[in-house]
There are 2 protein chains.
Amino acid sequence: MAAVDLNSHPGHLARRLQQAHHLLWNTMVSEEITSPQFAVLNTLVAEPGLDQRTVGERVGLDRSTIAEVVSRLIRRGYLDKVRDPQDGRRYLLRLTDEGLRAHRKLTVRTARMNQVFLAPLSAEERTLFFSLIQRVTDAADELRSPADDLVAHP
Amino acid sequence: MAAVDLNSHPGHLARRLQQAHHLLWNTMVSEEITSPQFAVLNTLVAEPGLDQRTVGERVGLDRSTIAEVVSRLIRRGYLDKVRDPQDGRRYLLRLTDEGLRAHRKLTVRTARMNQVFLAPLSAEERTLFFSLIQRVTDAADELRSPADDLVAHP
DNA sequence: CAGCAATCGTCAGTGCGCTGAGTATCTGGA
DNA sequence: TCCAGATACTCAGCGCACTGACGATTGCTG
């Protein structure tokens with residue numbers, strides 16, 4: 001009766017999009033390393049020796065989740081974790097050779113997968129796809145921390 | 001060095017979009033009932049007495065996950081579950097009065113939340129947003145079960 | 001310089017999401 | 001009629017994701 005069409009609910013669509021992606025990732029990229037794990041490796045390729053919290057911030061994972069992801073990557077030998085001698089609260093993260101090799105292999109495969117995933121869209125549509133999602137996400141993120149940059153002098 | 005821009009990875013963006021949505025849902029809709037739980041309630045408003053597997057199919061949850069979601073909804077008194085007298089393998093699901101009330105309340109709130117969530121987009125952009133995501137998702141889903149409808153005579 | 005607030009990380013608890021293995025039930029064909 | 005395959009559900013195991021509470025370390029300030 002008063003039921004709603006879930007296809008007009010962005011949250012529902014976001015979930016389905018992620019599921020579809022997860023499926024494709026598993027078949028085309030890796031069953032070992034997940035997409036968030038790849039994101040962590042990728043961040044550490046760009047900025048080796050980053051601390052755990054900052055890595056989490058770069059890839060969009062909270063302190064608890066990044067801890068779990070990192071511990072799995074360490075368990076599998078892709079990462080090293082050492083205490084920061086300058087600041088005993090921090091752990092500094094660095095890729096192992098194995099981790100670097102894994103990142104190289106996965107970079108190729110994810111590129112292929114993204115091609116397949118985005119195949120239904122034209123070039124302009126892909127650009128639109130990215131920018132629409134990013135605008136919505138960024139706006140929602142700012143609702144959490146309203147105008148941090150304007151409060152540099154508290 | 002060989003690091004990639006994660007913002008050109010649809011999987012990464014999908015995850016961030018869902019996170020942003022989750023955040024807004026918690027603050028604007030409910031901390032009790034989650035978005036997938038609402039999807040289940042909504043499906044049963046439209047089609048009361050559906051069996052568990054079919055509900056899962058409607059909202060896009062596999063057999064294991066729908067079982068957990070349903071059990072939580074039952075525990076909180078929103079759902080009833082009875083064996084199908086016609087087919088002893090099935091469980092038939094039905095909303096309680098409490099479940100119906102919850103659905104009504106959440107319908108209003110989700111509508112408000114979607115307004116806020118999509119606020120950065122114009123009307124045409126919203127339409128585009130929905131259709132782009134849906135086209136990508138549908139295409140990926142078909143890679144799993146290629147042309148089921150053409151195999152009606154195996 | 002002593003103490004207190006901020007910061008980094010861990011842990012417990014809850015919930016979503018998937019696969020693979022196992023059980024009960026049903027259905028169609030030899 | 002009986003059994004072999006399909007179907008519905010459960011359970012165990014893994015992984016992502018968040019909050020709130022906690023302990024350790026640091027750094028600022030009185």
# chains A, B, ... in the order shown; residues from 1 in each chain; ligands from 1
call {"tool": "residues_around", "arguments": {"residues": "stretch 4-21 of chain C", "least_positions_apart": "4", "cutoff": "7 Å", "atoms": "only C-alpha atoms (C1' of nucleotides)", "output": "list in words"}}
result
Arg89 and Arg90 of chain A; Thr65 of chain B
call {"tool": "select_by_dssp", "arguments": {"residues": "stretch 9-92 of chain B", "states": "strand (DSSP E)", "output": "list of chain:residue names"}}
result
B:Leu79, B:Asp80, B:Lys81, B:Val82, B:Arg83, B:Asp84, B:Asp87, B:Gly88, B:Arg89, B:Arg90, B:Tyr91, B:Leu92
call {"tool": "select_by_dssp", "arguments": {"residues": "chain A", "states": "helix (DSSP H, G or I)", "output": "number ranges by chain"}}
result
A: 6-8, 10-28, 35-46, 52-59, 63-75, 97-117, 123-144, 148-150
call {"tool": "atom_distance", "arguments": {"atom1": "atom CA of A:Ala20", "atom2": "atom CA of B:Gly56"}}
result
15.4 Å
call {"tool": "interface_residues", "arguments": {"of": "chain D", "to": "chain B", "cutoff": "8 Å", "atoms": "only C-alpha atoms (C1' of nucleotides)", "output": "PyMOL selection string"}}
result
chain D and resi 7-9
call {"tool": "residues_around", "arguments": {"residues": "stretch 124-136 of chain A", "least_positions_apart": "2", "cutoff": "9 Å", "atoms": "only C-alpha atoms (C1' of nucleotides)", "output": "JSON, numbers by chain"}}
result
{"A": [118, 121, 122, 138, 139, 140, 141], "B": [7, 8, 9, 10, 13, 14, 16, 17, 20, 117, 118, 119, 120, 121, 125, 126, 128, 129, 132, 133]}
call {"tool": "write_last_selection", "arguments": {"atoms": "C-alpha atoms", "output": "PDB file, in the first residue's frame"}}
result
ATOM      1  CA  LEU A 118      31.996   0.930 -16.522  1.00  0.00           C
ATOM      2  CA  LEU A 121      28.657   4.042 -19.837  1.00  0.00           C
ATOM      3  CA  SER A 122      30.102   6.332 -22.484  1.00  0.00           C
ATOM      4  CA  ASP A 138      31.616  15.328  -0.230  1.00  0.00           C
ATOM      5  CA  ALA A 139      28.524  17.289   0.698  1.00  0.00           C
ATOM      6  CA  ALA A 140      27.449  14.601   3.166  1.00  0.00           C
ATOM      7  CA  ASP A 141      30.931  14.509   4.681  1.00  0.00           C
TER       8      ASP A 141
ATOM      9  CA  ASN B   7      38.782   8.616  -7.062  1.00  0.00           C
ATOM     10  CA  SER B   8      38.752   7.053 -10.509  1.00  0.00           C
ATOM     11  CA  HIS B   9      37.820   3.700  -8.973  1.00  0.00           C
ATOM     12  CA  PRO B  10      34.066   3.166  -8.889  1.00  0.00           C
ATOM     13  CA  LEU B  13      33.528   5.757  -4.625  1.00  0.00           C
ATOM     14  CA  ALA B  14      30.671   3.334  -4.014  1.00  0.00           C
ATOM     15  CA  ARG B  16      32.472   6.187   0.306  1.00  0.00           C
ATOM     16  CA  LEU B  17      28.968   6.945  -0.908  1.00  0.00           C
ATOM     17  CA  ALA B  20      28.190   9.006   3.761  1.00  0.00           C
ATOM     18  CA  PHE B 117      21.464  13.755   0.746  1.00  0.00           C
ATOM     19  CA  LEU B 118      20.662  14.766  -2.827  1.00  0.00           C
ATOM     20  CA  ALA B 119      20.584  18.481  -2.108  1.00  0.00           C
ATOM     21  CA  PRO B 120      23.831  19.164  -4.022  1.00  0.00           C
ATOM     22  CA  LEU B 121      22.239  17.883  -7.251  1.00  0.00           C
ATOM     23  CA  GLU B 125      21.261  15.532 -12.121  1.00  0.00           C
ATOM     24  CA  ARG B 126      19.342  13.377  -9.664  1.00  0.00           C
ATOM     25  CA  LEU B 128      21.016  11.022 -14.087  1.00  0.00           C
ATOM     26  CA  PHE B 129      22.551   9.933 -10.796  1.00  0.00           C
ATOM     27  CA  LEU B 132      23.828   5.848 -14.203  1.00  0.00           C
ATOM     28  CA  ILE B 133      24.169   3.856 -10.991  1.00  0.00           C
TER      29      ILE B 133
END
call {"tool": "residues_around", "arguments": {"residues": "D:DC3", "least_positions_apart": "6", "cutoff": "12 Å", "atoms": "only C-alpha atoms (C1' of nucleotides)", "output": "list in words"}}
result
DT27, DG28, DG29 and DA30 of chain C
call {"tool": "residues_around", "arguments": {"residues": "B:Ala111", "least_positions_apart": "3", "cutoff": "12 Å", "atoms": "only C-alpha atoms (C1' of nucleotides)", "output": "PDB file with C-alpha atoms, in the first residue's frame"}}
result
ATOM      1  CA  VAL A   4       8.109   3.009  -1.484  1.00  0.00           C
ATOM      2  CA  ASP A   5      10.210   2.412  -4.601  1.00  0.00           C
ATOM      3  CA  LEU A   6      13.645   1.527  -3.277  1.00  0.00           C
ATOM      4  CA  SER A   8      14.632   6.112  -5.756  1.00  0.00           C
ATOM      5  CA  HIS A   9      16.623   5.690  -2.543  1.00  0.00           C
ATOM      6  CA  PRO A  10      20.294   6.550  -3.024  1.00  0.00           C
ATOM      7  CA  GLY A  11      21.311   4.465  -0.019  1.00  0.00           C
TER       8      GLY A  11
ATOM      9  CA  TRP B  25      20.803   7.738   8.082  1.00  0.00           C
ATOM     10  CA  MET B  28      18.334  11.739  10.433  1.00  0.00           C
ATOM     11  CA  VAL B  29      16.370   8.503  10.275  1.00  0.00           C
ATOM     12  CA  ARG B 104       5.233   4.535   8.304  1.00  0.00           C
ATOM     13  CA  LYS B 105       7.413   6.598  10.540  1.00  0.00           C
ATOM     14  CA  LEU B 106      10.597   5.730   8.670  1.00  0.00           C
ATOM     15  CA  THR B 107       9.033   6.415   5.284  1.00  0.00           C
ATOM     16  CA  VAL B 108       8.608  10.063   6.237  1.00  0.00           C
ATOM     17  CA  ASN B 114      17.023  11.747   0.739  1.00  0.00           C
ATOM     18  CA  GLN B 115      16.238  15.419   0.177  1.00  0.00           C
ATOM     19  CA  VAL B 116      19.240  16.428   2.234  1.00  0.00           C
ATOM     20  CA  PHE B 117      21.464  13.755   0.746  1.00  0.00           C
ATOM     21  CA  LEU B 118      20.662  14.766  -2.827  1.00  0.00           C
TER      22      LEU B 118
END
call {"tool": "decode", "arguments": {"residues": "stretch 6-68 of chain A", "atoms": "C-alpha atoms", "output": "JSON list (two decimals), in the first residue's frame"}}
result
[["chain", "number", "residue", "atom", "x", "y", "z"],
["A", 6, "LEU", "CA", 13.64, 1.53, -3.28],
["A", 7, "ASN", "CA", 15.19, 2.48, -6.61],
["A", 8, "SER", "CA", 14.63, 6.11, -5.76],
["A", 9, "HIS", "CA", 16.62, 5.69, -2.54],
["A", 10, "PRO", "CA", 20.29, 6.55, -3.02],
["A", 11, "GLY", "CA", 21.31, 4.46, -0.02],
["A", 12, "HIS", "CA", 19.77, 1.37, -1.50],
["A", 13, "LEU", "CA", 21.40, 2.01, -4.86],
["A", 14, "ALA", "CA", 24.76, 2.62, -3.21],
["A", 15, "ARG", "CA", 24.56, -0.72, -1.48],
["A", 16, "ARG", "CA", 23.63, -2.53, -4.67],
["A", 17, "LEU", "CA", 26.42, -0.80, -6.53],
["A", 18, "GLN", "CA", 28.92, -1.95, -3.97],
["A", 19, "GLN", "CA", 27.63, -5.50, -4.10],
["A", 20, "ALA", "CA", 27.95, -5.56, -7.86],
["A", 21, "HIS", "CA", 31.47, -4.23, -7.55],
["A", 22, "HIS", "CA", 32.38, -6.76, -4.89],
["A", 23, "LEU", "CA", 31.22, -9.58, -7.13],
["A", 24, "LEU", "CA", 33.27, -8.39, -10.07],
["A", 25, "TRP", "CA", 36.31, -7.76, -7.89],
["A", 26, "ASN", "CA", 36.25, -11.31, -6.58],
["A", 27, "THR", "CA", 36.12, -12.82, -10.04],
["A", 28, "MET", "CA", 38.39, -10.42, -11.92],
["A", 29, "VAL", "CA", 40.89, -9.05, -9.41],
["A", 30, "SER", "CA", 41.53, -11.18, -6.35],
["A", 31, "GLU", "CA", 39.85, -13.39, -3.79],
["A", 32, "GLU", "CA", 42.74, -12.80, -1.41],
["A", 33, "ILE", "CA", 43.08, -9.06, -1.28],
["A", 34, "THR", "CA", 39.94, -6.94, -0.99],
["A", 35, "SER", "CA", 39.26, -3.53, -2.42],
["A", 36, "PRO", "CA", 39.80, -1.65, 0.87],
["A", 37, "GLN", "CA", 43.02, -3.57, 1.37],
["A", 38, "PHE", "CA", 44.18, -2.50, -2.08],
["A", 39, "ALA", "CA", 43.32, 1.07, -1.19],
["A", 40, "VAL", "CA", 45.62, 0.85, 1.83],
["A", 41, "LEU", "CA", 48.47, -0.64, -0.20],
["A", 42, "ASN", "CA", 47.99, 2.05, -2.81],
["A", 43, "THR", "CA", 48.15, 4.83, -0.26],
["A", 44, "LEU", "CA", 51.40, 3.46, 1.12],
["A", 45, "VAL", "CA", 52.91, 3.27, -2.36],
["A", 46, "ALA", "CA", 52.23, 6.98, -2.72],
["A", 47, "GLU", "CA", 53.30, 7.88, 0.82],
["A", 48, "PRO", "CA", 55.49, 5.26, 2.49],
["A", 49, "GLY", "CA", 55.87, 5.44, 6.25],
["A", 50, "LEU", "CA", 52.52, 7.06, 6.92],
["A", 51, "ASP", "CA", 50.97, 6.44, 10.33],
["A", 52, "GLN", "CA", 47.93, 4.23, 10.71],
["A", 53, "ARG", "CA", 45.38, 6.91, 11.42],
["A", 54, "THR", "CA", 46.40, 9.02, 8.43],
["A", 55, "VAL", "CA", 46.20, 6.02, 6.12],
["A", 56, "GLY", "CA", 42.70, 5.42, 7.43],
["A", 57, "GLU", "CA", 41.83, 9.02, 6.70],
["A", 58, "ARG", "CA", 43.19, 8.81, 3.14],
["A", 59, "VAL", "CA", 41.13, 5.77, 2.24],
["A", 60, "GLY", "CA", 38.09, 6.64, 4.33],
["A", 61, "LEU", "CA", 38.26, 4.12, 7.15],
["A", 62, "ASP", "CA", 37.76, 4.86, 10.84],
["A", 63, "ARG", "CA", 40.39, 4.01, 13.42],
["A", 64, "SER", "CA", 38.88, 0.64, 14.31],
["A", 65, "THR", "CA", 38.41, -0.60, 10.78],
["A", 66, "ILE", "CA", 41.82, 0.52, 9.57],
["A", 67, "ALA", "CA", 43.34, -1.39, 12.50],
["A", 68, "GLU", "CA", 41.69, -4.62, 11.37]]
